[in-house]
$ cat coords.pdb   # PDB, C-alpha atoms, pLDDT in the B column
ATOM      1  CA  MET A 842       0.000   0.000   0.000  1.00 66.00           C
ATOM      2  CA  SER A 843       1.119   3.557   0.637  1.00 89.00           C
ATOM      3  CA  VAL A 844      -0.153   6.623   2.503  1.00 96.00           C
ATOM      4  CA  ILE A 845      -2.508   9.575   2.180  1.00 98.00           C
ATOM      5  CA  ALA A 846      -2.693  12.123   5.006  1.00 98.00           C
ATOM      6  CA  ALA A 847      -5.384  14.783   5.417  1.00 98.00           C
ATOM      7  CA  ILE A 848      -5.938  17.519   7.983  1.00 98.00           C
ATOM      8  CA  LEU A 849      -8.777  19.984   8.540  1.00 97.00           C
ATOM      9  CA  LYS A 850      -8.411  23.549   9.823  1.00 95.00           C
ATOM     10  CA  MET A 851     -11.518  25.566  10.644  1.00 91.00           C
ATOM     11  CA  GLY A 852     -11.652  29.264   9.770  1.00 88.00           C
ATOM     12  CA  GLU A 853     -14.109  32.001  10.621  1.00 85.00           C
ATOM     13  CA  GLY A 854     -17.786  31.167  10.279  1.00 83.00           C
ATOM     14  CA  GLU A 855     -18.174  27.964   8.328  1.00 82.00           C
ATOM     15  CA  SER A 856     -15.015  28.342   6.260  1.00 90.00           C
ATOM     16  CA  PHE A 857     -12.349  25.650   6.391  1.00 94.00           C
ATOM     17  CA  GLU A 858      -9.235  24.320   4.697  1.00 96.00           C
ATOM     18  CA  ILE A 859      -8.375  20.681   4.118  1.00 97.00           C
ATOM     19  CA  GLY A 860      -4.850  19.700   3.154  1.00 97.00           C
ATOM     20  CA  LEU A 861      -4.229  16.312   1.573  1.00 98.00           C
ATOM     21  CA  ALA A 862      -0.923  14.714   0.594  1.00 98.00           C
ATOM     22  CA  SER A 863       0.023  11.334  -0.826  1.00 97.00           C
ATOM     23  CA  ASP A 864       3.239   9.455  -1.264  1.00 95.00           C
ATOM     24  CA  GLY A 865       4.569   8.560  -4.700  1.00 91.00           C
ATOM     25  CA  GLN A 866       5.328   4.855  -4.316  1.00 88.00           C
ATOM     26  CA  ALA A 867       3.457   1.898  -5.722  1.00 84.00           C
ATOM     27  CA  ASN A 868       3.834  -1.561  -4.226  1.00 74.00           C
ATOM     28  CA  TYR A 869       3.361  -4.790  -6.157  1.00 70.00           C
ATOM     29  CA  GLY A 870       3.539  -8.040  -4.205  1.00 64.00           C
ATOM     30  CA  ASP A 871       6.921  -8.325  -2.508  1.00 63.00           C
ATOM     31  CA  GLY A 872       8.495  -5.465  -4.405  1.00 64.00           C
ATOM     32  CA  TYR A 873       7.666  -1.905  -5.237  1.00 63.00           C
ATOM     33  CA  CYS A 874       7.895   0.554  -8.047  1.00 71.00           C
ATOM     34  CA  SER A 875       9.373   3.885  -7.003  1.00 65.00           C
ATOM     35  CA  LYS A 876       6.933   6.031  -8.990  1.00 74.00           C
ATOM     36  CA  SER A 877       3.194   5.677  -8.632  1.00 79.00           C
ATOM     37  CA  VAL A 878       0.254   7.041 -10.533  1.00 86.00           C
ATOM     38  CA  PRO A 879      -1.257  10.061  -8.712  1.00 93.00           C
ATOM     39  CA  LYS A 880      -3.355   8.959  -5.734  1.00 95.00           C
ATOM     40  CA  LEU A 881      -5.244  12.257  -5.368  1.00 97.00           C
ATOM     41  CA  LYS A 882      -7.607  13.801  -7.884  1.00 95.00           C
ATOM     42  CA  ALA A 883      -9.668  17.006  -7.837  1.00 92.00           C
ATOM     43  CA  PHE A 884     -13.153  16.976  -9.322  1.00 90.00           C
ATOM     44  CA  GLY A 885     -15.748  19.637 -10.033  1.00 80.00           C
ATOM     45  CA  ASP A 886     -16.257  22.932 -11.759  1.00 68.00           C
ATOM     46  CA  SER A 887     -13.101  24.811 -12.767  1.00 60.00           C
ATOM     47  CA  ARG A 888     -14.715  28.047 -11.539  1.00 59.00           C
ATOM     48  CA  GLY A 889     -14.575  26.762  -7.965  1.00 53.00           C
ATOM     49  CA  ARG A 890     -18.118  25.473  -7.625  1.00 56.00           C
ATOM     50  CA  GLY A 891     -18.734  21.965  -6.384  1.00 63.00           C
ATOM     51  CA  GLN A 892     -15.075  21.091  -6.153  1.00 85.00           C
ATOM     52  CA  PHE A 893     -13.927  18.113  -4.080  1.00 92.00           C
ATOM     53  CA  VAL A 894     -10.924  15.808  -3.797  1.00 95.00           C
ATOM     54  CA  ILE A 895     -10.759  12.016  -3.789  1.00 96.00           C
ATOM     55  CA  GLY A 896      -7.685  10.051  -2.703  1.00 97.00           C
ATOM     56  CA  VAL A 897      -7.336   6.277  -3.142  1.00 96.00           C
ATOM     57  CA  VAL A 898      -4.798   3.772  -1.808  1.00 94.00           C
ATOM     58  CA  GLY A 899      -4.736   0.032  -2.348  1.00 90.00           C
ATOM     59  CA  SER A 900      -5.980  -1.452  -5.592  1.00 87.00           C
ATOM     60  CA  PHE A 901      -4.994   0.527  -8.685  1.00 88.00           C
ATOM     61  CA  ARG A 902      -7.960  -1.077 -10.431  1.00 88.00           C
ATOM     62  CA  VAL A 903     -10.321   0.557  -7.909  1.00 91.00           C
ATOM     63  CA  LEU A 904      -8.361   3.835  -8.177  1.00 93.00           C
ATOM     64  CA  ASP A 905      -8.932   3.815 -11.950  1.00 93.00           C
ATOM     65  CA  LEU A 906     -12.633   3.015 -11.543  1.00 94.00           C
ATOM     66  CA  ILE A 907     -13.139   5.864  -9.077  1.00 95.00           C
ATOM     67  CA  PHE A 908     -10.983   8.422 -10.890  1.00 96.00           C
ATOM     68  CA  GLU A 909     -12.573   7.707 -14.298  1.00 95.00           C
ATOM     69  CA  HIS A 910     -16.140   7.993 -12.997  1.00 94.00           C
ATOM     70  CA  ASP A 911     -18.168  11.187 -13.498  1.00 88.00           C
ATOM     71  CA  TRP A 912     -18.771  12.267  -9.878  1.00 88.00           C
ATOM     72  CA  VAL A 913     -19.685  15.857 -10.723  1.00 76.00           C
ATOM     73  CA  ARG A 914     -23.381  14.957 -10.547  1.00 82.00           C
ATOM     74  CA  ILE A 915     -22.951  14.837  -6.769  1.00 86.00           C
ATOM     75  CA  ASP A 916     -22.875  18.358  -5.325  1.00 82.00           C
ATOM     76  CA  PHE A 917     -22.140  17.405  -1.688  1.00 84.00           C
ATOM     77  CA  ASN A 918     -24.720  19.890  -0.375  1.00 80.00           C
ATOM     78  CA  ASP A 919     -25.973  17.496   2.301  1.00 83.00           C
ATOM     79  CA  LYS A 920     -25.031  14.311   4.129  1.00 82.00           C
ATOM     80  CA  GLY A 921     -27.168  12.263   1.736  1.00 91.00           C
ATOM     81  CA  SER A 922     -24.664  13.097  -0.986  1.00 92.00           C
ATOM     82  CA  ILE A 923     -21.982  11.200   0.956  1.00 94.00           C
ATOM     83  CA  ARG A 924     -24.203   8.095   0.807  1.00 93.00           C
ATOM     84  CA  LYS A 925     -24.696   8.658  -2.948  1.00 94.00           C
ATOM     85  CA  PHE A 926     -20.919   8.699  -3.335  1.00 95.00           C
ATOM     86  CA  ARG A 927     -20.594   5.480  -1.310  1.00 95.00           C
ATOM     87  CA  ASP A 928     -23.366   3.816  -3.344  1.00 95.00           C
ATOM     88  CA  GLY A 929     -21.620   4.833  -6.555  1.00 95.00           C
ATOM     89  CA  VAL A 930     -18.362   3.255  -5.385  1.00 95.00           C
ATOM     90  CA  VAL A 931     -20.286   0.113  -4.329  1.00 93.00           C
ATOM     91  CA  ASP A 932     -21.749  -0.170  -7.838  1.00 94.00           C
ATOM     92  CA  LEU A 933     -18.347   0.294  -9.507  1.00 93.00           C
ATOM     93  CA  VAL A 934     -16.582  -2.261  -7.299  1.00 90.00           C
ATOM     94  CA  SER A 935     -19.453  -4.781  -7.489  1.00 89.00           C
ATOM     95  CA  GLU A 936     -19.490  -4.633 -11.268  1.00 90.00           C
ATOM     96  CA  GLU A 937     -15.709  -5.051 -11.431  1.00 87.00           C
ATOM     97  CA  SER A 938     -15.667  -7.950  -8.940  1.00 82.00           C
ATOM     98  CA  SER A 939     -18.185  -9.892 -11.057  1.00 85.00           C
ATOM     99  CA  LYS A 940     -15.682 -10.174 -13.911  1.00 84.00           C
ATOM    100  CA  PRO A 941     -14.196 -13.685 -14.172  1.00 81.00           C
ATOM    101  CA  TYR A 942     -10.563 -12.529 -14.163  1.00 75.00           C
ATOM    102  CA  VAL A 943     -10.917 -10.414 -10.996  1.00 72.00           C
ATOM    103  CA  SER A 944     -10.328 -11.766  -7.510  1.00 70.00           C
ATOM    104  CA  SER A 945     -11.954  -9.912  -4.621  1.00 65.00           C
ATOM    105  CA  ASP A 946      -8.507  -9.987  -2.982  1.00 67.00           C
ATOM    106  CA  ASP A 947      -7.325  -7.640  -5.748  1.00 70.00           C
ATOM    107  CA  LEU A 948      -9.884  -4.971  -4.870  1.00 78.00           C
ATOM    108  CA  GLY A 949      -8.810  -3.903  -1.388  1.00 87.00           C
ATOM    109  CA  PHE A 950      -8.807  -0.127  -1.076  1.00 93.00           C
ATOM    110  CA  GLN A 951      -9.305   2.891   1.166  1.00 96.00           C
ATOM    111  CA  VAL A 952     -10.666   6.257   0.018  1.00 97.00           C
ATOM    112  CA  VAL A 953     -10.367   9.777   1.429  1.00 98.00           C
ATOM    113  CA  LEU A 954     -13.058  12.250   0.360  1.00 97.00           C
ATOM    114  CA  ALA A 955     -12.626  15.978   1.054  1.00 96.00           C
ATOM    115  CA  CYS A 956     -15.654  18.078   0.145  1.00 93.00           C
ATOM    116  CA  LYS A 957     -17.755  20.946   1.462  1.00 89.00           C
ATOM    117  CA  GLN A 958     -19.425  18.504   3.858  1.00 90.00           C
ATOM    118  CA  GLY A 959     -16.013  17.807   5.439  1.00 92.00           C
ATOM    119  CA  LEU A 960     -13.461  15.009   5.546  1.00 96.00           C
ATOM    120  CA  TYR A 961     -14.447  11.340   5.135  1.00 97.00           C
ATOM    121  CA  VAL A 962     -12.789   7.942   4.832  1.00 97.00           C
ATOM    122  CA  MET A 963     -14.327   4.896   3.165  1.00 96.00           C
ATOM    123  CA  TYR A 964     -12.942   1.377   3.485  1.00 90.00           C
ATOM    124  CA  SER A 965     -13.279  -1.770   1.346  1.00 86.00           C
ATOM    125  CA  ASP A 966     -16.272  -2.889   3.429  1.00 90.00           C
ATOM    126  CA  MET A 967     -17.955   0.381   2.362  1.00 91.00           C
ATOM    127  CA  GLN A 968     -17.993   1.767   5.899  1.00 93.00           C
ATOM    128  CA  ILE A 969     -17.694   5.548   5.697  1.00 95.00           C
ATOM    129  CA  SER A 970     -16.599   7.699   8.633  1.00 96.00           C
ATOM    130  CA  LYS A 971     -16.350  11.469   9.119  1.00 96.00           C
ATOM    131  CA  TYR A 972     -13.225  13.041  10.628  1.00 97.00           C
ATOM    132  CA  ASP A 973     -13.296  16.429  12.323  1.00 95.00           C
ATOM    133  CA  LYS A 974      -9.530  16.917  12.722  1.00 97.00           C
ATOM    134  CA  TYR A 975      -7.331  14.681  10.572  1.00 98.00           C
ATOM    135  CA  CYS A 976      -7.032  11.195   9.120  1.00 98.00           C
ATOM    136  CA  ALA A 977      -4.552   8.978   7.321  1.00 98.00           C
ATOM    137  CA  ILE A 978      -5.011   5.852   5.232  1.00 98.00           C
ATOM    138  CA  GLY A 979      -2.743   3.199   3.778  1.00 94.00           C
ATOM    139  CA  SER A 980       0.080   1.182   5.254  1.00 92.00           C
ATOM    140  CA  GLY A 981       1.776   4.328   6.572  1.00 95.00           C
ATOM    141  CA  HIS A 982      -1.342   5.578   8.355  1.00 97.00           C
ATOM    142  CA  GLU A 983      -0.052   5.052  11.906  1.00 97.00           C
ATOM    143  CA  VAL A 984       3.108   7.113  11.424  1.00 98.00           C
ATOM    144  CA  ALA A 985       1.219   9.770   9.451  1.00 98.00           C
ATOM    145  CA  SER A 986      -1.506   9.943  12.117  1.00 98.00           C
ATOM    146  CA  GLY A 987       1.118  10.555  14.784  1.00 97.00           C
ATOM    147  CA  SER A 988       2.547  13.441  12.808  1.00 97.00           C
ATOM    148  CA  LEU A 989      -0.919  14.904  12.182  1.00 98.00           C
ATOM    149  CA  PHE A 990      -1.799  14.553  15.876  1.00 97.00           C
ATOM    150  CA  ARG A 991       1.279  16.530  16.886  1.00 96.00           C
ATOM    151  CA  ASP A 992       0.540  19.332  14.414  1.00 96.00           C
ATOM    152  CA  PHE A 993      -3.150  19.497  15.303  1.00 96.00           C
ATOM    153  CA  LYS A 994      -2.444  19.492  19.039  1.00 95.00           C
ATOM    154  CA  HIS A 995      -0.043  22.426  18.825  1.00 93.00           C
ATOM    155  CA  GLY A 996      -2.051  24.262  16.154  1.00 89.00           C
ATOM    156  CA  LEU A 997       0.972  25.803  14.485  1.00 85.00           C
ATOM    157  CA  PHE A 998       0.580  24.507  10.952  1.00 92.00           C
ATOM    158  CA  THR A 999      -0.673  25.172   7.488  1.00 96.00           C
ATOM    159  CA  VAL A1000      -2.773  22.344   6.095  1.00 97.00           C
ATOM    160  CA  GLU A1001      -0.227  21.834   3.341  1.00 97.00           C
ATOM    161  CA  SER A1002       2.789  21.622   5.677  1.00 96.00           C
ATOM    162  CA  ALA A1003       0.981  19.252   8.080  1.00 97.00           C
ATOM    163  CA  SER A1004      -0.238  16.823   5.399  1.00 98.00           C
ATOM    164  CA  VAL A1005       3.067  16.833   3.509  1.00 97.00           C
ATOM    165  CA  GLY A1006       5.002  16.427   6.786  1.00 97.00           C
ATOM    166  CA  ALA A1007       2.875  13.419   7.723  1.00 97.00           C
ATOM    167  CA  VAL A1008       3.623  11.742   4.379  1.00 97.00           C
ATOM    168  CA  GLU A1009       7.327  12.516   4.784  1.00 97.00           C
ATOM    169  CA  ALA A1010       7.267  10.920   8.254  1.00 97.00           C
ATOM    170  CA  ALA A1011       5.555   7.777   6.925  1.00 96.00           C
ATOM    171  CA  SER A1012       8.009   7.595   4.011  1.00 94.00           C
ATOM    172  CA  GLU A1013      10.949   7.836   6.415  1.00 95.00           C
ATOM    173  CA  HIS A1014       9.692   5.076   8.718  1.00 95.00           C
ATOM    174  CA  ARG A1015       7.901   2.648   6.360  1.00 92.00           C
ATOM    175  CA  SER A1016       9.548   0.837   3.460  1.00 87.00           C
ATOM    176  CA  ASP A1017       6.181   0.560   1.690  1.00 87.00           C
ATOM    177  CA  CYS A1018       5.803   4.365   1.520  1.00 90.00           C
ATOM    178  CA  GLY A1019       7.936   6.699  -0.568  1.00 88.00           C
ATOM    179  CA  LEU A1020       8.338  10.340  -1.475  1.00 84.00           C
ATOM    180  CA  GLY A1021       7.478  11.949  -4.788  1.00 88.00           C
ATOM    181  CA  GLY A1022       3.724  12.213  -4.330  1.00 92.00           C
ATOM    182  CA  MET A1023       1.506  15.261  -4.460  1.00 95.00           C
ATOM    183  CA  SER A1024      -0.464  17.614  -2.243  1.00 96.00           C
ATOM    184  CA  VAL A1025      -3.820  19.320  -2.692  1.00 96.00           C
ATOM    185  CA  THR A1026      -5.556  22.044  -0.672  1.00 95.00           C
ATOM    186  CA  LEU A1027      -9.338  22.397  -0.601  1.00 94.00           C
ATOM    187  CA  LYS A1028     -10.669  25.737   0.709  1.00 93.00           C
ATOM    188  CA  SER A1029     -14.216  26.665   1.594  1.00 87.00           C
ATOM    189  CA  GLY A1030     -15.207  30.303   1.710  1.00 79.00           C
ATOM    190  CA  VAL A1031     -17.902  32.782   0.771  1.00 77.00           C
ATOM    191  CA  SER A1032     -17.381  32.182  -2.951  1.00 75.00           C
ATOM    192  CA  GLY A1033     -17.605  28.379  -2.660  1.00 80.00           C
ATOM    193  CA  VAL A1034     -15.042  25.603  -2.570  1.00 86.00           C
ATOM    194  CA  THR A1035     -11.783  25.849  -4.474  1.00 86.00           C
ATOM    195  CA  VAL A1036      -8.953  23.385  -4.984  1.00 89.00           C
ATOM    196  CA  SER A1037      -5.279  24.094  -5.521  1.00 88.00           C
ATOM    197  CA  ILE A1038      -2.802  21.395  -6.514  1.00 88.00           C
ATOM    198  CA  ASN A1039       0.656  21.947  -5.085  1.00 83.00           C
TER     199      ASN A1039
END
$ encode --input "coords.pdb" --output "structure tokens"
Amino acid sequence: MSVIAAILKMGEGESFEIGLASDGQANYGDGYCSKSVPKLKAFGDSRGRGQFVIGVVGSFRVLDLIFEHDWVRIDFNDKGSIRKFRDGVVDLVSEESSKPYVSSDDLGFQVVLACKQGLYVMYSDMQISKYDKYCAIGSGHEVASGSLFRDFKHGLFTVESASVGAVEAASEHRSDCGLGGMSVTLKSGVSGVTVSIN
């Protein structure tokens, strides 16, 4: 696997920032490939409306299914939209797992969703949980979570530095995580939600 770290910082009113970072390593069986496909992807309107970010670790087949799907029909205006997202992923994975050449063992995954409703994680069993501070997924999640905890506790961070620092920590302490990934910042404000890729 690998690692994705995300942290939430509340602003004035209902505004917030979510920073997400991923490593850049792909693992195949007993070995690894040093450069991975991107594990984070921004979706939505280029004018800043309805933007959200999805991050996937685990099965690259599931990553492709999720990243190639047209999620822009979901506006994430209410909590029901989170269930629509989950149901969409269920349909994609169910259809893929019914193919004769696919083993269910090949479809293990974890997903981070950052949207105007907040920060969520979904697991292979389709359980979806909301996080109010930070979260990390993948094989490096424990090290990354420790780094995020420290930053959140002391409050002296930007969402980009905290998420990138957590991935760097996981990459330093786990052989199945590696540098060279990417980071994304999602901001909510008066004009809507915007995404910047760093």
$ resolve_selection --input "coords.pdb" --expression "the PyMOL selection byres ((chain A and resi 952) around 9)" --output "list of chain:residue names"
A:Ile895, A:Gly896, A:Val897, A:Val898, A:Gly899, A:Leu904, A:Phe950, A:Gln951, A:Val953, A:Leu954, A:Tyr961, A:Val962, A:Met963, A:Tyr964, A:Ser965, A:Ile978
$ closest_residue --input "coords.pdb" --among "A:Asp864, A:Leu948, A:Ser1037, A:Ser856" --to "A:Val1008" --atoms "only C-alpha atoms"
A:Asp864
$ residues_around --input "coords.pdb" --residues "A:Ala955" --least-positions-apart "5" --cutoff "12 Å" --atoms "all atoms listed in the file" --output "VMD selection string"
chain A and resid 846 to 849 857 to 862 881 to 884 891 to 897 917 923 926 960 to 963 970 to 973 975 to 976 1025 to 1029 1034 to 1036
$ write_last_selection --input "coords.pdb" --atoms "C-alpha atoms" --output "short mmCIF file (atom, residue, chain, number, x, y, z; two decimals), in the coordinates of the input"
data_model
loop_
_atom_site.label_atom_id
_atom_site.label_comp_id
_atom_site.auth_asym_id
_atom_site.auth_seq_id
_atom_site.Cartn_x
_atom_site.Cartn_y
_atom_site.Cartn_z
CA ALA A 846 -2.69 12.12 5.01
CA ALA A 847 -5.38 14.78 5.42
CA ILE A 848 -5.94 17.52 7.98
CA LEU A 849 -8.78 19.98 8.54
CA PHE A 857 -12.35 25.65 6.39
CA GLU A 858 -9.24 24.32 4.70
CA ILE A 859 -8.38 20.68 4.12
CA GLY A 860 -4.85 19.70 3.15
CA LEU A 861 -4.23 16.31 1.57
CA ALA A 862 -0.92 14.71 0.59
CA LEU A 881 -5.24 12.26 -5.37
CA LYS A 882 -7.61 13.80 -7.88
CA ALA A 883 -9.67 17.01 -7.84
CA PHE A 884 -13.15 16.98 -9.32
CA GLY A 891 -18.73 21.96 -6.38
CA GLN A 892 -15.08 21.09 -6.15
CA PHE A 893 -13.93 18.11 -4.08
CA VAL A 894 -10.92 15.81 -3.80
CA ILE A 895 -10.76 12.02 -3.79
CA GLY A 896 -7.68 10.05 -2.70
CA VAL A 897 -7.34 6.28 -3.14
CA PHE A 917 -22.14 17.40 -1.69
CA ILE A 923 -21.98 11.20 0.96
CA PHE A 926 -20.92 8.70 -3.34
CA LEU A 960 -13.46 15.01 5.55
CA TYR A 961 -14.45 11.34 5.14
CA VAL A 962 -12.79 7.94 4.83
CA MET A 963 -14.33 4.90 3.16
CA SER A 970 -16.60 7.70 8.63
CA LYS A 971 -16.35 11.47 9.12
CA TYR A 972 -13.22 13.04 10.63
CA ASP A 973 -13.30 16.43 12.32
CA TYR A 975 -7.33 14.68 10.57
CA CYS A 976 -7.03 11.20 9.12
CA VAL A 1025 -3.82 19.32 -2.69
CA THR A 1026 -5.56 22.04 -0.67
CA LEU A 1027 -9.34 22.40 -0.60
CA LYS A 1028 -10.67 25.74 0.71
CA SER A 1029 -14.22 26.66 1.59
CA VAL A 1034 -15.04 25.60 -2.57
CA THR A 1035 -11.78 25.85 -4.47
CA VAL A 1036 -8.95 23.38 -4.98
#
$ atom_distance --input "coords.pdb" --atom1 "atom CA of A:Ser863" --atom2 "atom CA of A:Pro879"
8.1 Å
$ resolve_selection --input "coords.pdb" --expression "the PyMOL selection byres ((chain A and resi 1014-1023) around 6)" --output "list in words"
Ser843, Ala862, Ser863, Asp864, Gly865, Gln866, Ala1011, Ser1012, Glu1013 and Ser1024 of chain A
$ closest_residue --input "coords.pdb" --among "A:Val844, A:Leu989, A:Met967, A:Ala1003" --to "A:Ser935" --atoms "only C-alpha atoms"
A:Met967
$ closest_residue --input "coords.pdb" --among "A:Val878, A:Tyr869, A:Ala1007, A:Lys850" --to "A:Ala977" --atoms "only C-alpha atoms"
A:Ala1007
$ closest_residue --input "coords.pdb" --among "A:Asp966, A:Asp911, A:Glu853, A:Glu1001" --to "A:Arg927" --atoms "all atoms listed in the file"
A:Asp966
$ atom_distance --input "coords.pdb" --atom1 "atom CA of A:Gly1006" --atom2 "atom CA of A:Ser988"
7.2 Å
$ atom_distance --input "coords.pdb" --atom1 "atom CA of A:Ser980" --atom2 "atom CA of A:Ser922"
28.2 Å
$ closest_residue --input "coords.pdb" --among "A:Ser877, A:Arg991, A:Asn918, A:Ala985" --to "A:Ser1004" --atoms "all atoms listed in the file"
A:Ala985
$ axis_aligned_box --input "coords.pdb" --around "stretch 1010-1013 of chain A" --padding-each-side "6 Å" --output "JSON"
{"center_x": 8.3, "center_y": 9.3, "center_z": 6.1, "size_x": 17.4, "size_y": 15.3, "size_z": 16.2}
$ decode --input "coords.pdb" --residues "stretch 1004-1032 of chain A" --atoms "C-alpha atoms" --output "PDB file, in the first residue's frame"
ATOM      1  CA  SER A1004      -0.238  16.823   5.399  1.00  0.00           C
ATOM      2  CA  VAL A1005       3.067  16.833   3.509  1.00  0.00           C
ATOM      3  CA  GLY A1006       5.002  16.427   6.786  1.00  0.00           C
ATOM      4  CA  ALA A1007       2.875  13.419   7.723  1.00  0.00           C
ATOM      5  CA  VAL A1008       3.623  11.742   4.379  1.00  0.00           C
ATOM      6  CA  GLU A1009       7.327  12.516   4.784  1.00  0.00           C
ATOM      7  CA  ALA A1010       7.267  10.920   8.254  1.00  0.00           C
ATOM      8  CA  ALA A1011       5.555   7.777   6.925  1.00  0.00           C
ATOM      9  CA  SER A1012       8.009   7.595   4.011  1.00  0.00           C
ATOM     10  CA  GLU A1013      10.949   7.836   6.415  1.00  0.00           C
ATOM     11  CA  HIS A1014       9.692   5.076   8.718  1.00  0.00           C
ATOM     12  CA  ARG A1015       7.901   2.648   6.360  1.00  0.00           C
ATOM     13  CA  SER A1016       9.548   0.837   3.460  1.00  0.00           C
ATOM     14  CA  ASP A1017       6.181   0.560   1.690  1.00  0.00           C
ATOM     15  CA  CYS A1018       5.803   4.365   1.520  1.00  0.00           C
ATOM     16  CA  GLY A1019       7.936   6.699  -0.568  1.00  0.00           C
ATOM     17  CA  LEU A1020       8.338  10.340  -1.475  1.00  0.00           C
ATOM     18  CA  GLY A1021       7.478  11.949  -4.788  1.00  0.00           C
ATOM     19  CA  GLY A1022       3.724  12.213  -4.330  1.00  0.00           C
ATOM     20  CA  MET A1023       1.506  15.261  -4.460  1.00  0.00           C
ATOM     21  CA  SER A1024      -0.464  17.614  -2.243  1.00  0.00           C
ATOM     22  CA  VAL A1025      -3.820  19.320  -2.692  1.00  0.00           C
ATOM     23  CA  THR A1026      -5.556  22.044  -0.672  1.00  0.00           C
ATOM     24  CA  LEU A1027      -9.338  22.397  -0.601  1.00  0.00           C
ATOM     25  CA  LYS A1028     -10.669  25.737   0.709  1.00  0.00           C
ATOM     26  CA  SER A1029     -14.216  26.665   1.594  1.00  0.00           C
ATOM     27  CA  GLY A1030     -15.207  30.303   1.710  1.00  0.00           C
ATOM     28  CA  VAL A1031     -17.902  32.782   0.771  1.00  0.00           C
ATOM     29  CA  SER A1032     -17.381  32.182  -2.951  1.00  0.00           C
TER      30      SER A1032
END
